[in-house]
Amino acid sequence: MTPNALAKQIFAGYDEFSLSHLQPSLCKHRIIADEVGRLVAGSNGLLGLEELGTSLEGRTISIVRAGNGTKRILAWSQMHGDETTATLALCDILNFLVESARDRGWARSMLHDVTLAVIPMLNPDGAEQVRRENATHTDLNRDAAALATPEARILRETYRALKPAFGFNLHDQELHSVGATKNVTALALMAPPPDEKRSRPIPRLRAMRVCALMARALSQFIDGHIATYDDSYEARAFGDRMQSWGTGTILLESGHWPQDHEKRFIRKLNVVALLTAFHAIATGAYQDVELEHYHALKPNGMQVYDLVVRKVKLVHPSGWSFRVDLGISLEPEENRRSAAPIATIKEIGDLHTYAGLQTLDGSARRISTADVAVERRLPLADLLDLLQLYHS
């Protein structure tokens with residue numbers, strides 16, 4: 001089966017194995033640990049669970065293993081505690097393996113050829129507080145050199161013990177566009193550089209081909225919505241470090257999609273991308289993918305806002321008035337103290353080259369320059385009341 005055909009099959013069958021009861025607000029240590037434990041216990045030995053150590057605040061950090069092949073893959077998520085999408089996707093994948101490995105030949109064959117090792121939550125203390133950093137307020141992805149934190153040391157020791165051929169560093173990213181287009185970035189992919197020269201040794205070329213394969217397979221569903229990152233070397237980041245250690249490392253960042261507040265569609269894309277990549281590593285199919293699919297990816301851009309209100313009539317006390325657009329960022333729900341969305345006005349003016357995850361027609365509603373200002377922060381309901389606009 002070709003990677004594209006496999007991706008279509010996984011995409012079509014996702015609802016059969018997704019753990020739909022899990023959602024971002026439930027992505028806490030105890031809930032994920034219990035869910036993973038349940039999956040391992042019901043796997044009849046297909047999955048193995050091992051405690052690697054504990055976080056600074058004493059929460060367990062565990063690894064789940066599947067398969068017994070010679071091609072070893074390490075995937076880890078939520079090293080930033082407020083980035084939950086890939087953790088939920090990995091839980092879906094573990095459930096898929098339990099449910100499907102018995103009756104899907106390709107899944108059984110994949111697990112014969114690869115050893116898959118998954119750390120579904122590297123930063124449980126950050127997850128508990130819904131923040132990026134760990135309990136010491138350290139960014140774990142800037143601790144690959146100093147190894148000051150117990151979580152970073154656990155990842156490093158796990159890497160040394162496993163010696164993986166491929167590593168998958170899984171994150172969420174802020175709202176971006178694909179280059180200068182108005183297309184929102186759904187996923188961003190990168191094979192980080194191993195040094196400041198941005199060298200391309202064999203392991204990095206392999207990672208680039210895996211990225212290219214994922215981009216090609218996912219373009220069937222989100223064509224024009226896949227981006228990449230600037231590949232400047234960051235010596236403190238685990239992806240760059242692992243690339244320099246000889247592991248083909250792939251950075252996968254979960255982006256956004258219109259009307260997908262809980263990132264359920266983005267989570268589904270993660271599952272499709274990762275399972276397709278794992279299978280291609282097992283079969284070696286990634287070796288046949290042209291690097292042009294990777295090099296053609298546009299970098300993340302800044303041409304999209306959470307909300308754009310078009311054609312608002314902005315009025316100044318001097319008598320000046322003009323139709324403008326408002327570019328608005330919305331504070332993520334998990335960061336709010338109340339359920340009410342908080343809006344920050346980021347730009348006022350001609351935004352015809354920008355897109356919004358949501359767009360409202362201002363219908364030439366009048367608003368005073370005294371009521372809106374760049375970087376003004378207020379409840380979204382209050383802003384819409386000023387504009388006399390309805391928004392569900």
# chains A, B, ... in the order shown; residues from 1 in each chain; ligands from 1
call {"tool": "residues_around", "arguments": {"residues": "Ile32 (chain A)", "least_positions_apart": "4", "cutoff": "10 Å", "atoms": "only C-alpha atoms", "output": "list of chain:residue names"}}
result
A:Leu22, A:Leu26, A:Cys27, A:Lys28, A:Val36, A:Gly37, A:Arg38, A:Thr87, A:Leu88, A:Cys91, A:Pro120, A:Met121, A:Pro124
call {"tool": "atom_distance", "arguments": {"atom1": "CA of Glu331 (chain A)", "atom2": "CA of Ala75 (chain A)"}}
result
28.9 Å
call {"tool": "residues_around", "arguments": {"residues": "Asn183 (chain A)", "least_positions_apart": "2", "cutoff": "12 Å", "atoms": "only C-alpha atoms", "output": "ChimeraX atom specification"}}
result
/A:175-181,185-187,222-227,255-258,298-305,353-357
call {"tool": "select_by_dssp", "arguments": {"residues": "region 102-282 of chain A", "states": "strand (DSSP E or B)", "output": "PyMOL selection string"}}
result
chain A and resi 114-119+166-172+177-178+184+187-190+226-228+248-254
call {"tool": "write_last_selection", "arguments": {"atoms": "N, CA and C atoms", "output": "PDB file, in the first residue's frame"}}
result
ATOM      1  N   VAL A 114       9.505  -2.300  13.389  1.00  0.00           N
ATOM      2  CA  VAL A 114       9.938  -1.152  14.187  1.00  0.00           C
ATOM      3  C   VAL A 114       9.730  -1.433  15.668  1.00  0.00           C
ATOM      4  N   THR A 115      10.497  -0.737  16.477  1.00  0.00           N
ATOM      5  CA  THR A 115      10.221  -0.622  17.905  1.00  0.00           C
ATOM      6  C   THR A 115       9.813   0.826  18.142  1.00  0.00           C
ATOM      7  N   LEU A 116       8.572   1.008  18.550  1.00  0.00           N
ATOM      8  CA  LEU A 116       8.027   2.339  18.770  1.00  0.00           C
ATOM      9  C   LEU A 116       8.026   2.636  20.262  1.00  0.00           C
ATOM     10  N   ALA A 117       8.686   3.728  20.657  1.00  0.00           N
ATOM     11  CA  ALA A 117       8.740   4.139  22.057  1.00  0.00           C
ATOM     12  C   ALA A 117       8.148   5.538  22.166  1.00  0.00           C
ATOM     13  N   VAL A 118       7.146   5.688  23.030  1.00  0.00           N
ATOM     14  CA  VAL A 118       6.368   6.924  23.121  1.00  0.00           C
ATOM     15  C   VAL A 118       6.386   7.448  24.556  1.00  0.00           C
ATOM     16  N   ILE A 119       6.776   8.704  24.727  1.00  0.00           N
ATOM     17  CA  ILE A 119       6.616   9.403  26.010  1.00  0.00           C
ATOM     18  C   ILE A 119       5.466  10.384  25.817  1.00  0.00           C
ATOM     19  N   PHE A 166      15.069   7.301  14.463  1.00  0.00           N
ATOM     20  CA  PHE A 166      14.234   8.465  14.187  1.00  0.00           C
ATOM     21  C   PHE A 166      13.646   8.996  15.490  1.00  0.00           C
ATOM     22  N   GLY A 167      13.523  10.318  15.578  1.00  0.00           N
ATOM     23  CA  GLY A 167      12.886  10.960  16.712  1.00  0.00           C
ATOM     24  C   GLY A 167      11.799  11.908  16.229  1.00  0.00           C
ATOM     25  N   PHE A 168      10.674  11.928  16.944  1.00  0.00           N
ATOM     26  CA  PHE A 168       9.562  12.816  16.604  1.00  0.00           C
ATOM     27  C   PHE A 168       9.302  13.731  17.796  1.00  0.00           C
ATOM     28  N   ASN A 169       9.593  15.003  17.611  1.00  0.00           N
ATOM     29  CA  ASN A 169       9.469  16.037  18.630  1.00  0.00           C
ATOM     30  C   ASN A 169       8.154  16.770  18.373  1.00  0.00           C
ATOM     31  N   LEU A 170       7.162  16.583  19.232  1.00  0.00           N
ATOM     32  CA  LEU A 170       5.778  16.958  18.934  1.00  0.00           C
ATOM     33  C   LEU A 170       5.335  18.143  19.777  1.00  0.00           C
ATOM     34  N   HIS A 171       4.826  19.173  19.105  1.00  0.00           N
ATOM     35  CA  HIS A 171       4.479  20.428  19.766  1.00  0.00           C
ATOM     36  C   HIS A 171       3.181  21.012  19.213  1.00  0.00           C
ATOM     37  N   ASP A 172       2.701  22.070  19.879  1.00  0.00           N
ATOM     38  CA  ASP A 172       1.697  22.982  19.325  1.00  0.00           C
ATOM     39  C   ASP A 172       2.379  24.305  19.041  1.00  0.00           C
ATOM     40  N   SER A 177       0.146  31.816   9.425  1.00  0.00           N
ATOM     41  CA  SER A 177      -0.262  31.555   8.051  1.00  0.00           C
ATOM     42  C   SER A 177       0.854  30.791   7.350  1.00  0.00           C
ATOM     43  N   VAL A 178       0.546  30.264   6.171  1.00  0.00           N
ATOM     44  CA  VAL A 178       1.565  29.621   5.346  1.00  0.00           C
ATOM     45  C   VAL A 178       2.211  30.706   4.498  1.00  0.00           C
ATOM     46  N   VAL A 184      -4.253  29.435   6.716  1.00  0.00           N
ATOM     47  CA  VAL A 184      -3.806  29.154   8.070  1.00  0.00           C
ATOM     48  C   VAL A 184      -2.927  27.906   8.059  1.00  0.00           C
ATOM     49  N   LEU A 187      -0.400  22.344  10.038  1.00  0.00           N
ATOM     50  CA  LEU A 187       0.755  21.648  10.602  1.00  0.00           C
ATOM     51  C   LEU A 187       2.028  22.284  10.047  1.00  0.00           C
ATOM     52  N   ALA A 188       3.057  22.310  10.869  1.00  0.00           N
ATOM     53  CA  ALA A 188       4.377  22.746  10.412  1.00  0.00           C
ATOM     54  C   ALA A 188       5.367  21.612  10.639  1.00  0.00           C
ATOM     55  N   LEU A 189       6.240  21.390   9.670  1.00  0.00           N
ATOM     56  CA  LEU A 189       7.194  20.294   9.698  1.00  0.00           C
ATOM     57  C   LEU A 189       8.613  20.840   9.501  1.00  0.00           C
ATOM     58  N   MET A 190       9.553  20.234  10.184  1.00  0.00           N
ATOM     59  CA  MET A 190      10.951  20.611   9.970  1.00  0.00           C
ATOM     60  C   MET A 190      11.877  19.487  10.403  1.00  0.00           C
ATOM     61  N   ILE A 226       0.287  23.519   4.957  1.00  0.00           N
ATOM     62  CA  ILE A 226       1.437  22.931   5.650  1.00  0.00           C
ATOM     63  C   ILE A 226       2.619  23.869   5.484  1.00  0.00           C
ATOM     64  N   ALA A 227       3.279  24.198   6.582  1.00  0.00           N
ATOM     65  CA  ALA A 227       4.385  25.156   6.560  1.00  0.00           C
ATOM     66  C   ALA A 227       5.633  24.523   7.169  1.00  0.00           C
ATOM     67  N   THR A 228       6.682  25.327   7.256  1.00  0.00           N
ATOM     68  CA  THR A 228       7.913  24.893   7.902  1.00  0.00           C
ATOM     69  C   THR A 228       8.459  26.043   8.740  1.00  0.00           C
ATOM     70  N   GLY A 248      17.715  10.839  12.973  1.00  0.00           N
ATOM     71  CA  GLY A 248      16.892  11.625  12.056  1.00  0.00           C
ATOM     72  C   GLY A 248      15.685  12.172  12.807  1.00  0.00           C
ATOM     73  N   THR A 249      15.701  13.464  13.108  1.00  0.00           N
ATOM     74  CA  THR A 249      14.709  14.041  14.002  1.00  0.00           C
ATOM     75  C   THR A 249      13.741  14.928  13.236  1.00  0.00           C
ATOM     76  N   ILE A 250      12.460  14.753  13.527  1.00  0.00           N
ATOM     77  CA  ILE A 250      11.383  15.481  12.857  1.00  0.00           C
ATOM     78  C   ILE A 250      10.642  16.320  13.889  1.00  0.00           C
ATOM     79  N   LEU A 251      10.531  17.601  13.637  1.00  0.00           N
ATOM     80  CA  LEU A 251       9.694  18.487  14.439  1.00  0.00           C
ATOM     81  C   LEU A 251       8.331  18.580  13.775  1.00  0.00           C
ATOM     82  N   LEU A 252       7.296  18.262  14.538  1.00  0.00           N
ATOM     83  CA  LEU A 252       5.925  18.385  14.036  1.00  0.00           C
ATOM     84  C   LEU A 252       5.168  19.318  14.984  1.00  0.00           C
ATOM     85  N   GLU A 253       4.700  20.432  14.456  1.00  0.00           N
ATOM     86  CA  GLU A 253       3.989  21.432  15.242  1.00  0.00           C
ATOM     87  C   GLU A 253       2.532  21.484  14.810  1.00  0.00           C
ATOM     88  N   SER A 254       1.635  21.332  15.780  1.00  0.00           N
ATOM     89  CA  SER A 254       0.201  21.397  15.508  1.00  0.00           C
ATOM     90  C   SER A 254      -0.243  22.850  15.437  1.00  0.00           C
TER      91      SER A 254
END
call {"tool": "residues_around", "arguments": {"residues": "region 259-275 of chain A", "least_positions_apart": "6", "cutoff": "7 Å", "atoms": "only C-alpha atoms", "output": "list in words"}}
result
Ala7, Ile10, Phe11, Pro24, Thr85, Ala86, Ala89, Ile93, Ala186, Met214 and Leu218 of chain A
call {"tool": "write_last_selection", "arguments": {"atoms": "C-alpha atoms", "output": "PDB file, in the first residue's frame"}}
result
ATOM      1  CA  ALA A   7      -3.079   7.990   4.824  1.00  0.00           C
ATOM      2  CA  ILE A  10      -6.363   6.066   8.358  1.00  0.00           C
ATOM      3  CA  PHE A  11      -8.128   9.384   7.747  1.00  0.00           C
ATOM      4  CA  PRO A  24      -7.479  19.367  25.850  1.00  0.00           C
ATOM      5  CA  THR A  85      -2.677  18.118  20.783  1.00  0.00           C
ATOM      6  CA  ALA A  86       0.034  15.536  20.173  1.00  0.00           C
ATOM      7  CA  ALA A  89      -3.012  12.028  19.215  1.00  0.00           C
ATOM      8  CA  ILE A  93      -2.436   5.918  18.144  1.00  0.00           C
ATOM      9  CA  ALA A 186      -2.560  23.437  10.056  1.00  0.00           C
ATOM     10  CA  MET A 214       4.073  13.445   5.541  1.00  0.00           C
ATOM     11  CA  LEU A 218      -1.417  15.252   4.135  1.00  0.00           C
TER      12      LEU A 218
END
call {"tool": "atom_distance", "arguments": {"atom1": "CA of Arg209 (chain A)", "atom2": "CA of Gly246 (chain A)"}}
result
15.4 Å
